[in-house]
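Pasted below: work22.txt, compact mmCIF, C-alpha atoms.
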```txt
# COMPACT_ATOMS: atom_id res chain seq x y z
CA MET A 1 -28.03 73.21 -141.78
CA THR A 2 -25.84 70.17 -142.09
CA ALA A 3 -22.11 70.14 -142.72
CA VAL A 4 -20.73 70.58 -146.19
CA ALA A 5 -19.59 67.32 -147.71
CA GLU A 6 -16.00 66.98 -148.80
CA GLN A 7 -17.23 66.27 -152.36
CA ALA A 8 -19.38 69.41 -152.62
CA PRO A 9 -18.57 71.68 -155.58
CA THR A 10 -16.20 74.51 -154.73
CA PHE A 11 -15.84 77.96 -156.26
CA ASP A 12 -13.30 80.74 -156.71
CA CYS A 13 -15.04 83.79 -155.25
CA ARG A 14 -12.94 86.17 -157.33
CA ALA A 15 -15.12 85.28 -160.32
CA ASP A 16 -18.26 86.28 -158.42
CA PHE A 17 -16.56 89.50 -157.30
CA ALA A 18 -15.75 90.40 -160.90
CA ASP A 19 -19.22 89.48 -162.23
CA GLU A 20 -21.00 91.51 -159.57
CA LEU A 21 -18.68 94.49 -160.05
CA ALA A 22 -19.42 94.48 -163.79
CA ALA A 23 -23.16 94.29 -163.10
CA LEU A 24 -22.90 97.29 -160.80
CA ALA A 25 -20.90 99.20 -163.40
CA ARG A 26 -23.58 98.58 -166.03
CA ALA A 27 -26.21 100.03 -163.70
CA ASP A 28 -24.16 102.94 -162.30
CA GLU A 29 -21.57 104.89 -164.29
CA ARG A 30 -19.93 106.05 -161.05
CA VAL A 31 -18.56 102.55 -160.37
CA VAL A 32 -14.88 102.28 -161.35
CA ALA A 33 -12.05 99.85 -160.64
CA VAL A 34 -8.50 100.73 -159.63
CA CYS A 35 -5.77 98.10 -159.56
CA ASN A 36 -2.02 97.64 -159.18
CA ASP A 37 -1.14 95.70 -162.32
CA SER A 38 -3.42 92.95 -161.03
CA VAL A 39 -6.00 92.85 -163.82
CA GLY A 40 -5.60 89.10 -164.22
CA SER A 41 -5.36 88.07 -160.58
CA SER A 42 -8.35 90.28 -159.72
CA ASN A 43 -10.37 88.72 -162.57
CA LEU A 44 -10.85 92.15 -164.13
CA VAL A 45 -9.98 91.24 -167.73
CA LYS A 46 -13.64 91.22 -168.83
CA PHE A 47 -14.29 94.41 -166.85
CA ARG A 48 -11.47 96.12 -168.75
CA GLU A 49 -12.86 94.91 -172.08
CA GLU A 50 -16.35 96.19 -171.29
CA PHE A 51 -15.33 99.39 -169.49
CA PRO A 52 -11.88 100.38 -170.81
CA ASP A 53 -12.23 103.94 -169.52
CA ARG A 54 -13.31 102.86 -166.04
CA LEU A 55 -10.38 100.65 -165.09
CA ILE A 56 -7.38 102.58 -163.79
CA ASN A 57 -4.21 100.49 -163.62
CA VAL A 58 -1.56 102.40 -161.66
CA GLY A 59 1.04 99.64 -161.96
CA ILE A 60 2.87 98.14 -159.01
CA ALA A 61 2.26 101.16 -156.78
CA GLU A 62 -0.22 100.32 -154.05
CA GLN A 63 0.06 103.62 -152.20
CA ASP A 64 -0.78 105.46 -155.41
CA MET A 65 -3.64 103.05 -156.06
CA VAL A 66 -5.33 103.86 -152.76
CA GLY A 67 -4.64 107.58 -153.15
CA VAL A 68 -6.14 107.58 -156.66
CA ALA A 69 -9.18 105.69 -155.34
CA ALA A 70 -9.65 108.25 -152.57
CA GLY A 71 -9.43 111.07 -155.12
CA LEU A 72 -12.02 109.38 -157.32
CA ALA A 73 -14.33 108.98 -154.33
CA ASN A 74 -13.86 112.67 -153.55
CA ALA A 75 -14.99 113.43 -157.11
CA GLY A 76 -18.19 111.43 -156.71
CA PHE A 77 -17.14 108.05 -158.13
CA ILE A 78 -17.49 104.70 -156.33
CA PRO A 79 -14.00 103.17 -156.63
CA PHE A 80 -13.20 99.52 -155.99
CA ALA A 81 -9.45 99.33 -155.27
CA SER A 82 -8.43 95.74 -155.96
CA ALA A 83 -5.08 94.10 -155.26
CA ALA A 84 -3.49 91.10 -153.60
CA ALA A 85 -4.38 91.42 -149.93
CA PRO A 86 -0.81 91.38 -148.51
CA PHE A 87 0.26 94.29 -150.69
CA LEU A 88 -2.95 96.30 -150.53
CA THR A 89 -3.02 96.27 -146.74
CA GLY A 90 0.72 96.20 -146.04
CA ARG A 91 2.18 98.69 -148.49
CA ALA A 92 -0.72 101.13 -148.49
CA LEU A 93 -1.69 101.10 -144.81
CA GLU A 94 -0.87 104.80 -144.34
CA GLN A 95 -3.02 105.77 -147.30
CA ILE A 96 -5.84 103.52 -146.08
CA LYS A 97 -5.64 105.24 -142.71
CA ALA A 98 -5.30 108.86 -143.84
CA ASP A 99 -6.78 109.11 -147.33
CA VAL A 100 -9.68 106.68 -146.90
CA ALA A 101 -10.71 106.08 -143.28
CA TYR A 102 -9.74 109.38 -141.63
CA SER A 103 -11.09 111.29 -144.64
CA GLU A 104 -14.26 109.14 -144.61
CA ARG A 105 -14.11 108.42 -148.33
CA HIS A 106 -16.40 105.86 -149.92
CA VAL A 107 -13.64 103.56 -151.16
CA VAL A 108 -14.10 99.79 -151.38
CA LEU A 109 -10.78 98.07 -150.64
CA CYS A 110 -10.76 94.60 -152.18
CA GLY A 111 -8.14 92.25 -150.73
CA GLN A 112 -7.68 89.43 -153.22
CA SER A 113 -6.21 86.02 -152.34
CA PRO A 114 -5.94 86.60 -148.57
CA GLY A 115 -4.79 84.21 -145.87
CA MET A 116 -2.39 81.59 -147.17
CA ALA A 117 -3.86 81.35 -150.65
CA TYR A 118 -0.50 81.99 -152.32
CA GLY A 119 0.92 78.91 -150.59
CA GLU A 120 4.32 78.15 -152.08
CA LEU A 121 5.18 81.84 -152.57
CA GLY A 122 5.81 81.93 -148.83
CA PRO A 123 5.52 84.39 -145.95
CA THR A 124 6.01 87.50 -148.08
CA HIS A 125 2.83 86.65 -149.98
CA HIS A 126 0.76 85.23 -147.11
CA SER A 127 -1.84 87.74 -145.99
CA ILE A 128 -2.38 86.68 -142.40
CA GLU A 129 -2.01 90.13 -140.81
CA ASP A 130 -4.58 92.03 -142.87
CA ILE A 131 -7.58 91.71 -140.55
CA SER A 132 -5.47 92.73 -137.55
CA TRP A 133 -4.19 95.78 -139.42
CA MET A 134 -7.60 96.77 -140.75
CA ARG A 135 -9.25 96.37 -137.34
CA ALA A 136 -6.81 98.93 -135.98
CA VAL A 137 -8.09 101.58 -138.42
CA PRO A 138 -11.10 103.44 -136.99
CA GLY A 139 -14.23 103.66 -139.10
CA LEU A 140 -13.29 100.90 -141.55
CA ARG A 141 -15.84 98.14 -142.08
CA ILE A 142 -14.35 94.66 -142.56
CA VAL A 143 -16.29 92.01 -144.47
CA VAL A 144 -15.16 88.41 -144.96
CA PRO A 145 -17.59 86.54 -147.25
CA ALA A 146 -17.74 82.78 -146.87
CA ASP A 147 -18.91 81.76 -150.34
CA PRO A 148 -19.92 83.06 -153.79
CA ARG A 149 -23.33 84.30 -152.70
CA GLN A 150 -21.91 86.31 -149.82
CA THR A 151 -19.19 87.68 -152.09
CA ARG A 152 -21.82 89.11 -154.43
CA ASP A 153 -23.81 90.44 -151.47
CA ALA A 154 -20.70 92.08 -150.04
CA VAL A 155 -19.86 93.82 -153.32
CA ARG A 156 -23.40 95.21 -153.63
CA TRP A 157 -23.48 96.26 -149.99
CA ALA A 158 -20.10 98.01 -150.25
CA ALA A 159 -21.20 99.97 -153.31
CA GLU A 160 -24.26 101.23 -151.45
CA CYS A 161 -23.00 101.76 -147.90
CA GLY A 162 -21.37 105.15 -148.55
CA ARG A 163 -18.45 104.49 -146.19
CA PRO A 164 -14.95 103.00 -146.31
CA SER A 165 -14.85 99.21 -146.34
CA TYR A 166 -12.47 96.29 -146.76
CA ILE A 167 -13.65 93.07 -148.41
CA ARG A 168 -11.51 89.95 -148.07
CA ILE A 169 -12.08 87.94 -151.25
CA PRO A 170 -10.87 84.32 -151.07
CA ARG A 171 -8.89 82.64 -153.81
CA PHE A 172 -8.87 79.28 -152.03
CA LYS A 173 -11.96 77.56 -153.42
CA VAL A 174 -14.95 77.15 -151.10
CA PRO A 175 -18.39 75.49 -151.29
CA GLU A 176 -21.71 77.27 -150.99
CA VAL A 177 -22.73 77.46 -147.33
CA THR A 178 -25.19 80.36 -147.12
CA PRO A 179 -28.91 79.45 -146.91
CA ALA A 180 -31.07 80.98 -149.62
CA ASP A 181 -33.10 82.96 -147.08
CA ALA A 182 -30.15 84.32 -145.09
CA PRO A 183 -30.07 88.14 -145.09
CA PHE A 184 -26.87 90.12 -145.63
CA ARG A 185 -26.80 92.98 -143.13
CA GLU A 186 -24.00 95.15 -141.85
CA GLY A 187 -22.79 93.93 -138.47
CA ARG A 188 -24.95 90.81 -138.50
CA ALA A 189 -23.73 87.23 -138.34
CA VAL A 190 -25.45 84.23 -139.92
CA ARG A 191 -26.20 81.30 -137.64
CA LEU A 192 -25.83 78.18 -139.77
CA ARG A 193 -26.45 75.49 -137.15
CA ASP A 194 -27.97 75.42 -133.68
CA GLY A 195 -26.40 73.70 -130.71
CA GLY A 196 -26.16 74.12 -126.96
CA ASP A 197 -22.79 72.63 -126.00
CA VAL A 198 -20.24 74.81 -127.81
CA THR A 199 -20.24 77.58 -130.42
CA LEU A 200 -17.93 77.53 -133.44
CA ILE A 201 -17.47 81.02 -134.91
CA ALA A 202 -15.69 81.32 -138.24
CA ILE A 203 -15.12 83.61 -141.22
CA GLY A 204 -14.35 83.12 -144.89
CA THR A 205 -12.72 79.86 -145.92
CA MET A 206 -13.12 78.43 -142.42
CA VAL A 207 -16.92 78.45 -142.38
CA SER A 208 -17.35 75.28 -144.41
CA ARG A 209 -14.70 73.61 -142.28
CA VAL A 210 -16.39 74.39 -138.97
CA LEU A 211 -19.60 72.94 -140.42
CA GLN A 212 -17.70 69.73 -141.07
CA ALA A 213 -16.25 69.89 -137.54
CA ALA A 214 -19.78 70.23 -136.15
CA GLU A 215 -20.70 66.95 -137.84
CA LEU A 216 -17.71 65.22 -136.26
CA LEU A 217 -18.70 66.57 -132.86
CA ALA A 218 -22.31 65.49 -133.36
CA ALA A 219 -21.08 61.92 -133.82
CA ASP A 220 -19.62 62.21 -130.30
CA GLY A 221 -22.86 63.59 -128.89
CA VAL A 222 -21.66 67.21 -128.82
CA ALA A 223 -24.17 69.74 -130.19
CA ALA A 224 -22.16 72.54 -131.79
CA ARG A 225 -23.65 75.86 -132.82
CA VAL A 226 -22.06 77.28 -136.01
CA VAL A 227 -21.88 81.01 -136.68
CA ASN A 228 -20.57 82.68 -139.83
CA MET A 229 -19.48 86.07 -138.47
CA THR A 230 -19.18 87.73 -141.95
CA PHE A 231 -18.53 91.20 -140.50
CA VAL A 232 -15.47 91.39 -138.30
CA GLU A 233 -16.10 95.14 -138.01
CA PRO A 234 -18.69 95.95 -136.84
CA LEU A 235 -18.88 92.64 -134.99
CA ASP A 236 -22.25 91.10 -134.12
CA VAL A 237 -21.93 91.58 -130.36
CA ALA A 238 -25.40 90.21 -129.63
CA GLU A 239 -24.61 86.91 -131.40
CA VAL A 240 -21.34 86.51 -129.47
CA VAL A 241 -23.01 87.25 -126.14
CA ALA A 242 -25.78 84.79 -126.93
CA ALA A 243 -23.18 82.14 -127.74
CA ALA A 244 -21.43 82.74 -124.45
CA GLU A 245 -24.63 82.68 -122.40
CA GLU A 246 -26.32 79.77 -124.15
CA THR A 247 -23.41 77.41 -124.90
CA GLY A 248 -20.76 78.42 -122.37
CA THR A 249 -17.78 77.72 -124.66
CA ILE A 250 -16.59 79.34 -127.91
CA VAL A 251 -14.07 78.29 -130.55
CA THR A 252 -13.07 80.74 -133.29
CA ALA A 253 -11.45 79.80 -136.60
CA GLU A 254 -9.81 82.12 -139.13
CA GLU A 255 -7.24 81.94 -141.92
CA GLY A 256 -5.07 84.61 -140.35
CA LEU A 257 -3.23 85.71 -137.24
CA VAL A 258 -5.06 85.04 -134.00
CA SER A 259 -3.57 88.22 -132.51
CA GLY A 260 -5.84 91.07 -133.54
CA GLY A 261 -8.16 89.09 -135.82
CA LEU A 262 -11.56 87.46 -135.40
CA GLY A 263 -10.57 85.56 -132.25
CA ALA A 264 -9.31 88.73 -130.58
CA ALA A 265 -12.51 90.57 -131.49
CA VAL A 266 -14.69 87.79 -130.08
CA ALA A 267 -12.56 87.43 -126.94
CA LYS A 268 -12.91 91.17 -126.24
CA VAL A 269 -16.70 90.93 -126.35
CA VAL A 270 -16.69 87.83 -124.15
CA ALA A 271 -14.38 89.46 -121.59
CA GLU A 272 -16.56 92.55 -121.41
CA HIS A 273 -19.99 90.91 -121.34
CA ARG A 274 -19.94 87.23 -120.37
CA PRO A 275 -16.58 85.58 -119.61
CA VAL A 276 -16.44 81.97 -120.80
CA PRO A 277 -13.63 79.79 -122.22
CA VAL A 278 -12.57 80.89 -125.72
CA ARG A 279 -10.24 78.83 -127.91
CA MET A 280 -8.79 80.78 -130.87
CA LEU A 281 -7.69 78.84 -133.96
CA GLY A 282 -5.64 80.52 -136.65
CA VAL A 283 -2.04 81.23 -137.51
CA PRO A 284 0.19 81.91 -134.46
CA ALA A 285 3.23 83.31 -136.31
CA PHE A 286 4.74 83.58 -139.79
CA ALA A 287 3.56 80.57 -141.77
CA PRO A 288 6.09 78.37 -143.56
CA THR A 289 6.18 77.78 -147.30
CA GLY A 290 3.90 75.08 -148.68
CA SER A 291 0.64 74.48 -150.48
CA THR A 292 -2.47 76.11 -149.06
CA ALA A 293 -3.92 72.72 -148.15
CA PHE A 294 -0.71 71.74 -146.35
CA LEU A 295 -0.59 74.99 -144.42
CA LEU A 296 -4.20 74.78 -143.28
CA ASP A 297 -3.64 71.22 -142.07
CA HIS A 298 -0.35 72.28 -140.45
CA PHE A 299 -2.19 74.76 -138.25
CA GLY A 300 -5.13 72.48 -137.51
CA LEU A 301 -7.50 74.55 -139.63
CA ASN A 302 -9.47 71.55 -140.83
CA ALA A 303 -12.51 69.68 -139.57
CA THR A 304 -10.48 67.31 -137.41
CA GLY A 305 -8.38 70.06 -135.85
CA ILE A 306 -11.37 72.30 -135.16
CA ALA A 307 -13.32 69.44 -133.56
CA ALA A 308 -10.31 68.59 -131.40
CA ALA A 309 -10.01 72.21 -130.27
CA ALA A 310 -13.70 72.22 -129.34
CA ARG A 311 -13.28 69.08 -127.24
CA GLU A 312 -10.28 70.64 -125.51
CA ALA A 313 -12.20 73.82 -124.79
CA LEU A 314 -15.11 71.84 -123.40
CA GLY A 315 -12.74 69.94 -121.14
CA ARG A 316 -11.45 73.21 -119.74
CA ALA A 317 -14.98 74.50 -119.26
```

As structure tokens:
Amino acid sequence: MTAVAEQAPTFDCRADFADELAALARADERVVAVCNDSVGSSNLVKFREEFPDRLINVGIAEQDMVGVAAGLANAGFIPFASAAAPFLTGRALEQIKADVAYSERHVVLCGQSPGMAYGELGPTHHSIEDISWMRAVPGLRIVVPADPRQTRDAVRWAAECGRPSYIRIPRFKVPEVTPADAPFREGRAVRLRDGGDVTLIAIGTMVSRVLQAAELLAADGVAARVVNMTFVEPLDVAEVVAAAEETGTIVTAEEGLVSGGLGAAVAKVVAEHRPVPVRMLGVPAFAPTGSTAFLLDHFGLNATGIAAAAREALGRA
């Protein structure tokens, strides 16, 4: 698959989340939504109009939201708890740990507008720690869809999996990158491009950008493999090991903290199975205030920055 052109149409995946959730609700009366006064930002206005008795708005009380969702799951419902990612994962971490994961409740935690999507609202609204926090909770599946199609697949999968899960739903618009024949399977990555010199592993909003970086590298004669990891937990260990063995160098890219996120998960597998150079791209500390585009460029999370990191990693190799 070739890189995504800068001019390719882009989409807000929250719309696909809401459409798929409504479709599930029409087919299964157990599907309900729980939110924290975030009906608008979660794109649940139409859901509320169609299913007024199946949207529970607890107000700005994230701990209560997760507790209510766990109670609904205990009663046989399939609750989707939807809120801005920084507040869902930060304020309600204890409830996610105890009421959902430890209790093994089938709750779908939907982190809206993660990463640095809130831009000018600053560090309090940036959700760069969420994957690190969620990875620390045993038994919690973590899914980071890269485009509208994967967002719909993730919502359907989460409704059917019967276990606790966290879906990171991007607000920052992204192009379609998933091939029509690509399966969506728990713990399985999607290889988007083959290459033998270096592997670029990304999640979410970074997938289209590493595809663009691969094109820049190809112009220099560097054949870059591109992997959309999709599931950070459980991670596709076989795909990471294959990347290490077959390309010898790995670069990871994520819109979040490098400590504890995708890069840390990949580095752990590499250290345990096949040590090779790994360069982790992401956010190293609290991000400043600025537009999302500015912040991504600031941290080198663009095609040019990713390609440069790959060249640096290859030099070290």

CA of Asn302 (chain A) sits from CA of Thr124 (chain A) at a separation of 23.4 Å

Can you pull out every residue within 6 Å of region 34-47 of chain A, counting only C-alpha atoms, but drop anything in the same chain fewer than 2 positions away, and send it as number ranges by chain?
A: 18, 22, 49-51, 55-60, 81-83

Tell me which of A:Ala267, A:Met116, A:Ala285, A:Ile142 sits closest to Ser165 (chain A), counting only C-alpha atoms.
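That would be A:Ile142, the residue with the smallest distance to Ser165 (chain A).
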
Counting all atoms listed in the file, the option among A:Val144, A:Ala307, A:Val32, A:Ala15 closest to Gly76 (chain A)
A:Val32

A:Ala287, A:Ala180, A:Met134, A:Ala310 ranked by distance to Tyr166 (chain A), top pick (using all atoms listed in the file):
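Checking each of A:Ala287, A:Ala180, A:Met134, A:Ala310 against Tyr166 (chain A), counting all atoms listed in the file, the winner is A:Met134.
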
If we count all atoms listed in the file and set the cut-off at 6 Å, which residues sit around Gly256 (chain A), ignoring sequence neighbours fewer than 3 positions away in its own chain? Please answer as a ChimeraX atom specification.
/A:115,128,282-283

Which of these, A:Val174, A:Leu200, A:Ile96, A:Val107, has the shortest distance to Val137 (chain A) once you count only C-alpha atoms?
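For Val137 (chain A), the nearest of the given residues is A:Ile96.
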
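Residue nearest Ala224 (chain A) within the list A:Ala23, A:Leu314, A:Ala293, A:Ala98: A:Leu314 [criterion: smallest interatomic distance, all atoms listed in the file].
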
Selected residue, from A:Pro148, A:Pro79, A:Gly221, A:Gly111, that lies nearest to Asp28 (chain A) when counting all atoms listed in the file
A:Pro79

Answer as a VMD selection string, residues within 9 Å of (-10.0, 73.9, -125.4) using all atoms listed in the file
chain A and resid 249 to 251 277 to 280 308 to 317

What does the structure give for the distance between CA of Thr151 (chain A) and CA of Ala244 (chain A), in Å to one decimal?
28.2 Å

Quick one: distance from CA of Phe286 (chain A) to CA of Glu129 (chain A) in Å, one decimal?
9.5 Å

Considering only C-alpha atoms, return as a PDB file with C-alpha atoms, in the frame of the given file whatever protein or nucleic-acid residues lie within 8 Å of Ile203 (chain A), sequence-local ones (same chain, fewer than 3 positions apart) excluded.
```
ATOM      1  CA  VAL A 144     -15.160  88.410-144.960  1.00  0.00           C
ATOM      2  CA  PRO A 145     -17.590  86.540-147.250  1.00  0.00           C
ATOM      3  CA  ALA A 146     -17.740  82.780-146.870  1.00  0.00           C
ATOM      4  CA  MET A 206     -13.120  78.430-142.420  1.00  0.00           C
ATOM      5  CA  VAL A 207     -16.920  78.450-142.380  1.00  0.00           C
ATOM      6  CA  ASN A 228     -20.570  82.680-139.830  1.00  0.00           C
ATOM      7  CA  MET A 229     -19.480  86.070-138.470  1.00  0.00           C
ATOM      8  CA  THR A 230     -19.180  87.730-141.950  1.00  0.00           C
ATOM      9  CA  ALA A 253     -11.450  79.800-136.600  1.00  0.00           C
ATOM     10  CA  GLU A 254      -9.810  82.120-139.130  1.00  0.00           C
ATOM     11  CA  LEU A 262     -11.560  87.460-135.400  1.00  0.00           C
TER      12      LEU A 262
END
```

Gly260 (chain A) surroundings by all atoms listed in the file, 10 Å radius, close-in-sequence under 2 positions cut, as a list in words:
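Listing them by chain and then by number gives Glu129, Asp130, Ile131, Ser132, Trp133, Met134, Arg135, Ala136, Gly256, Leu257, Val258, Leu262, Gly263, Ala264 and Ala265 of chain A.
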
At a cut-off of 12 Å, using only C-alpha atoms, what residues contact Glu272 (chain A)? Leave out same-chain residues fewer than 3 positions from it and give the result as a VMD selection string.
chain A and resid 237 240 to 241 244 265 to 269 275 to 276

Please supply region 143-153 of chain A, rebuilt with all heavy atoms, as a compact mmCIF listing (two decimals), in the frame of the given file.
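This is the output file out-v4.txt:
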```txt
# COMPACT_ATOMS: atom_id res chain seq x y z
N VAL A 143 -15.36 93.05 -144.06
CA VAL A 143 -16.29 92.01 -144.47
C VAL A 143 -15.50 90.81 -144.99
O VAL A 143 -14.60 90.98 -145.83
CB VAL A 143 -17.25 92.50 -145.57
CG1 VAL A 143 -18.40 91.53 -145.75
CG2 VAL A 143 -17.75 93.89 -145.27
N VAL A 144 -15.85 89.62 -144.52
CA VAL A 144 -15.16 88.41 -144.96
C VAL A 144 -16.22 87.42 -145.46
O VAL A 144 -16.73 86.61 -144.68
CB VAL A 144 -14.31 87.79 -143.85
CG1 VAL A 144 -13.44 86.66 -144.41
CG2 VAL A 144 -13.43 88.84 -143.18
N PRO A 145 -16.58 87.46 -146.73
CA PRO A 145 -17.59 86.54 -147.25
C PRO A 145 -17.11 85.10 -147.22
O PRO A 145 -15.92 84.82 -147.37
CB PRO A 145 -17.81 87.03 -148.68
CG PRO A 145 -16.59 87.81 -149.03
CD PRO A 145 -16.09 88.40 -147.76
N ALA A 146 -18.08 84.21 -147.03
CA ALA A 146 -17.74 82.78 -146.87
C ALA A 146 -17.92 81.98 -148.15
O ALA A 146 -17.42 80.86 -148.23
CB ALA A 146 -18.61 82.16 -145.77
N ASP A 147 -18.62 82.53 -149.13
CA ASP A 147 -18.91 81.76 -150.34
C ASP A 147 -19.29 82.71 -151.47
O ASP A 147 -19.32 83.93 -151.28
CB ASP A 147 -20.01 80.72 -150.07
CG ASP A 147 -21.34 81.34 -149.64
OD1 ASP A 147 -21.47 82.58 -149.70
OD2 ASP A 147 -22.26 80.59 -149.26
N PRO A 148 -19.58 82.18 -152.67
CA PRO A 148 -19.92 83.06 -153.79
C PRO A 148 -21.09 83.99 -153.53
O PRO A 148 -21.05 85.17 -153.89
CB PRO A 148 -20.23 82.07 -154.92
CG PRO A 148 -19.41 80.87 -154.60
CD PRO A 148 -19.44 80.77 -153.10
N ARG A 149 -22.15 83.46 -152.92
CA ARG A 149 -23.33 84.30 -152.70
C ARG A 149 -22.98 85.49 -151.78
O ARG A 149 -23.36 86.63 -152.05
CB ARG A 149 -24.46 83.48 -152.08
CG ARG A 149 -25.69 84.35 -151.91
CD ARG A 149 -26.78 83.69 -151.11
NE ARG A 149 -27.71 84.75 -150.69
CZ ARG A 149 -28.64 84.59 -149.76
NH1 ARG A 149 -28.77 83.44 -149.17
NH2 ARG A 149 -29.42 85.58 -149.43
N GLN A 150 -22.27 85.22 -150.71
CA GLN A 150 -21.91 86.31 -149.82
C GLN A 150 -20.94 87.29 -150.47
O GLN A 150 -20.94 88.48 -150.15
CB GLN A 150 -21.32 85.76 -148.52
CG GLN A 150 -22.36 85.25 -147.54
CD GLN A 150 -21.87 85.32 -146.10
OE1 GLN A 150 -20.72 85.04 -145.81
NE2 GLN A 150 -22.76 85.70 -145.22
N THR A 151 -20.10 86.79 -151.38
CA THR A 151 -19.19 87.68 -152.09
C THR A 151 -19.98 88.69 -152.92
O THR A 151 -19.71 89.89 -152.90
CB THR A 151 -18.25 86.87 -153.00
OG1 THR A 151 -17.49 85.97 -152.19
CG2 THR A 151 -17.30 87.79 -153.76
N ARG A 152 -20.98 88.21 -153.64
CA ARG A 152 -21.82 89.11 -154.43
C ARG A 152 -22.57 90.08 -153.53
O ARG A 152 -22.66 91.28 -153.83
CB ARG A 152 -22.81 88.29 -155.27
CG ARG A 152 -22.16 87.53 -156.42
CD ARG A 152 -23.20 86.67 -157.15
NE ARG A 152 -22.64 85.98 -158.31
CZ ARG A 152 -22.58 86.47 -159.54
NH1 ARG A 152 -23.07 87.68 -159.78
NH2 ARG A 152 -22.05 85.78 -160.52
N ASP A 153 -23.10 89.57 -152.42
CA ASP A 153 -23.81 90.44 -151.47
C ASP A 153 -22.89 91.52 -150.92
O ASP A 153 -23.29 92.68 -150.77
CB ASP A 153 -24.38 89.61 -150.32
CG ASP A 153 -25.56 88.75 -150.72
OD1 ASP A 153 -26.16 89.01 -151.78
OD2 ASP A 153 -25.89 87.81 -149.97
```
